[in-house]
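Working notes, structure below.
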Amino acid sequence: MQFPVKLVRARLRRRYKRFLSDHELDDGGLVTAHCANPGSMLGLTHAGVETWLAPNDDPGRKLRYSWEMLRLGSTLVGVNTSRPNTLAEEAIRTNQLAPLAGYSSVRREVRYGTRSRIDLLLEGPRRRACYVEVKNVHMSREPGVAEFPDSVTDRGRKHLVELARRVEGGDRAVMLYLVQREDCAAFRLAGDIDPAYVQAFHAARAAGIEVLAYGCRLTVEEITVAGSLAMTDPAGNAP
């Protein structure tokens, strides 16, 4: 996925009201950018961190910038939670995700369940419909390990329940965690942050949903899906 505009470098001043963030541009100018991220962004929002913003000239938008990435040390981290669906769709259409290859149709935001929309619905002749829920991951509290969620997510728990019902009805269901950073080789659930989500995850997995975790390659020009990540529990074991 290539960014449609050239990103602008800045420094974070603060993030507030969930979807707003103030940044200082390289020329010293101060701007407010939209933060398309409802999570806590734990460990990512300290003042002074290098940020990358996408400018826009749409007169219908109140803010001229959107916050796309930040840099921790030498690692770029994608923080825009609207990007993973596009990344996943692109990777599936180009057969970069082997477990999800071979479907002739990929549709986004299809209604299902109880007032829910599936991120991606994969369909093909003589194949079970495959419901794919995509989650953005950017938290890492231990070197090399990505974690989800970074805050309590009732919506995420509901998705797990809905996916389990699809499997019970004869469909295929997949939870895809996309880690928008390059410094992680493993993925795990953050049970200390949302124990109820972890409980729902294990129940859904026992019901037959599949779980995939993939990393990403990031530059200031594009983000692409990279290789799969090992899944571990808090002790470092395969769950």
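Following the order of the structure tokens, chains are lettered A, B, ..., residues in each are numbered from 1, and ligands are numbered from 1.
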
So that each row is one residue of region 84-123 of chain A with an atom at most 10 Å from region 223-228 of chain A, can you give its shortest atom pair and the distance in Å to one decimal, using only C-alpha atoms, rows by chain and rising number, as CSV?
residue,atom,partner,partner_atom,distance
A:Pro84,CA,A:Val225,CA,9.2
A:Thr86,CA,A:Thr224,CA,10.0
A:Leu87,CA,A:Thr224,CA,6.5
A:Ala88,CA,A:Val225,CA,7.4
A:Glu90,CA,A:Thr224,CA,8.7
A:Ala91,CA,A:Val225,CA,6.5
A:Ile92,CA,A:Val225,CA,9.9
A:Gln96,CA,A:Val225,CA,7.7
A:Leu97,CA,A:Val225,CA,8.5

- Item | Residue list (strand (DSSP E or B), DSSP) for region 86-144 of chain A, as number ranges by chain | A: 105-112, 116-123, 130-137, 139-142, 144

- Which residue gives the smallest distance to Glu210 (chain A) among A:Glu182, A:Tyr177, A:Ala196, A:Leu189, with only C-alpha atoms counted? A:Tyr177

- Task: May I ask which of the residues A:Leu63, A:Leu100, A:Met41, A:Leu70 is the closest one to Arg11 (chain A), counting only C-alpha atoms?
- Result: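 Nearest to Arg11 (chain A): A:Leu70.
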
- Message: List as a PyMOL selection string the protein and nucleic acid residues near Pro55 (chain A), meaning an atom at most 7 Å away when only C-alpha atoms are counted, but skip any in the same chain fewer than 4 places from it.
- Response: chain A and resi 7+64-66

- List every residue of region 4-223 of chain A that DSSP, applied to the backbone of this structure, assigns to helix (DSSP H, G or I), and report them as a PyMOL selection string. chain A and resi 83-93+98-100+154-168+195-207

- Long-range neighbours of Ala204 (chain A) as JSON, numbers by chain, 12 Å cut-off, only C-alpha atoms, 4 positions minimum in chain: {"A": [156, 157, 158, 159, 160, 161, 162, 163, 164, 165, 166, 167, 168, 173, 174, 175, 197, 198, 199, 200, 208, 209, 210, 211]}

- Of the candidates A:Ala185, A:Met1, A:Val110, A:Leu176, which shows the shortest atom-to-atom distance to Leu218 (chain A), using only C-alpha atoms?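 Closest residue, counting only C-alpha atoms: A:Met1.
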
- Message: Residues within 9 Å of Arg13 (chain A), please, as a list in words. Count only C-alpha atoms; anything in the same chain fewer than 4 positions from it doesn't count.
- Response: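 Neighbouring residues, sequence-local ones excluded: Ser21, Asp22, His23, Glu24, Leu30, Thr45, His46, Ala47, Gly48 and Val49 of chain A.
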
Selected residues written out with N, CA and C atoms, as a PDB file, in the first residue's frame:
ATOM      1  N   SER A  21      -4.328  15.192  17.827  1.00  0.00           N
ATOM      2  CA  SER A  21      -2.915  15.192  18.216  1.00  0.00           C
ATOM      3  C   SER A  21      -2.250  16.455  17.684  1.00  0.00           C
ATOM      4  N   ASP A  22      -1.392  17.042  18.503  1.00  0.00           N
ATOM      5  CA  ASP A  22      -0.654  18.246  18.110  1.00  0.00           C
ATOM      6  C   ASP A  22       0.781  17.876  17.777  1.00  0.00           C
ATOM      7  N   HIS A  23       1.301  18.475  16.700  1.00  0.00           N
ATOM      8  CA  HIS A  23       2.644  18.158  16.217  1.00  0.00           C
ATOM      9  C   HIS A  23       3.377  19.438  15.830  1.00  0.00           C
ATOM     10  N   GLU A  24       4.700  19.387  15.971  1.00  0.00           N
ATOM     11  CA  GLU A  24       5.551  20.491  15.535  1.00  0.00           C
ATOM     12  C   GLU A  24       6.287  20.069  14.267  1.00  0.00           C
ATOM     13  N   LEU A  30       3.164  24.653  14.092  1.00  0.00           N
ATOM     14  CA  LEU A  30       2.366  23.747  14.904  1.00  0.00           C
ATOM     15  C   LEU A  30       1.083  23.392  14.160  1.00  0.00           C
ATOM     16  N   THR A  45       3.070   7.560  22.739  1.00  0.00           N
ATOM     17  CA  THR A  45       2.650   8.958  22.627  1.00  0.00           C
ATOM     18  C   THR A  45       3.446   9.907  23.517  1.00  0.00           C
ATOM     19  N   HIS A  46       4.694   9.586  23.804  1.00  0.00           N
ATOM     20  CA  HIS A  46       5.476  10.510  24.621  1.00  0.00           C
ATOM     21  C   HIS A  46       5.905  11.720  23.783  1.00  0.00           C
ATOM     22  N   ALA A  47       5.889  12.873  24.407  1.00  0.00           N
ATOM     23  CA  ALA A  47       6.212  14.118  23.710  1.00  0.00           C
ATOM     24  C   ALA A  47       7.612  14.054  23.105  1.00  0.00           C
ATOM     25  N   GLY A  48       7.737  14.539  21.880  1.00  0.00           N
ATOM     26  CA  GLY A  48       9.025  14.595  21.201  1.00  0.00           C
ATOM     27  C   GLY A  48       9.283  13.467  20.234  1.00  0.00           C
ATOM     28  N   VAL A  49       8.442  12.433  20.246  1.00  0.00           N
ATOM     29  CA  VAL A  49       8.651  11.323  19.330  1.00  0.00           C
ATOM     30  C   VAL A  49       8.473  11.807  17.891  1.00  0.00           C
TER      31      VAL A  49
END

- Tell me, as a count of residues only, which residues lie within 10 Å of Ser104 (chain A), counting only C-alpha atoms; anything in the same chain fewer than 5 positions away does not count. 6

- Task: Could you check how far CA of Val106 (chain A) sits from CA of Val132 (chain A), in Å to one decimal?
- Result: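 If I compute the distance from CA of Val106 (chain A) to CA of Val132 (chain A), I get 10.1 Å.
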
- Among the residues A:Pro59, A:Gly43, A:Gly28, A:Gly102, the one that comes closest to Val77 (chain A) [using only C-alpha atoms]: A:Gly43

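Among A:Gly169, A:Thr153, A:Ala186, A:Leu229, the residue with the shortest atom-to-atom distance to Gly113 (chain A), counting only C-alpha atoms, is A:Gly169.
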
- Restricting the calculation to only C-alpha atoms, which member of A:Cys35, A:Cys216, A:Leu76, A:Ala54 is positioned closest to Val8 (chain A)?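 Counting only C-alpha atoms, the residue closest to Val8 (chain A) is A:Ala54.
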
- Task: Can you work out the spacing between CA of Asn37 (chain A) and CA of Thr81 (chain A) in Å, to one decimal?
- Result: 5.4 Å
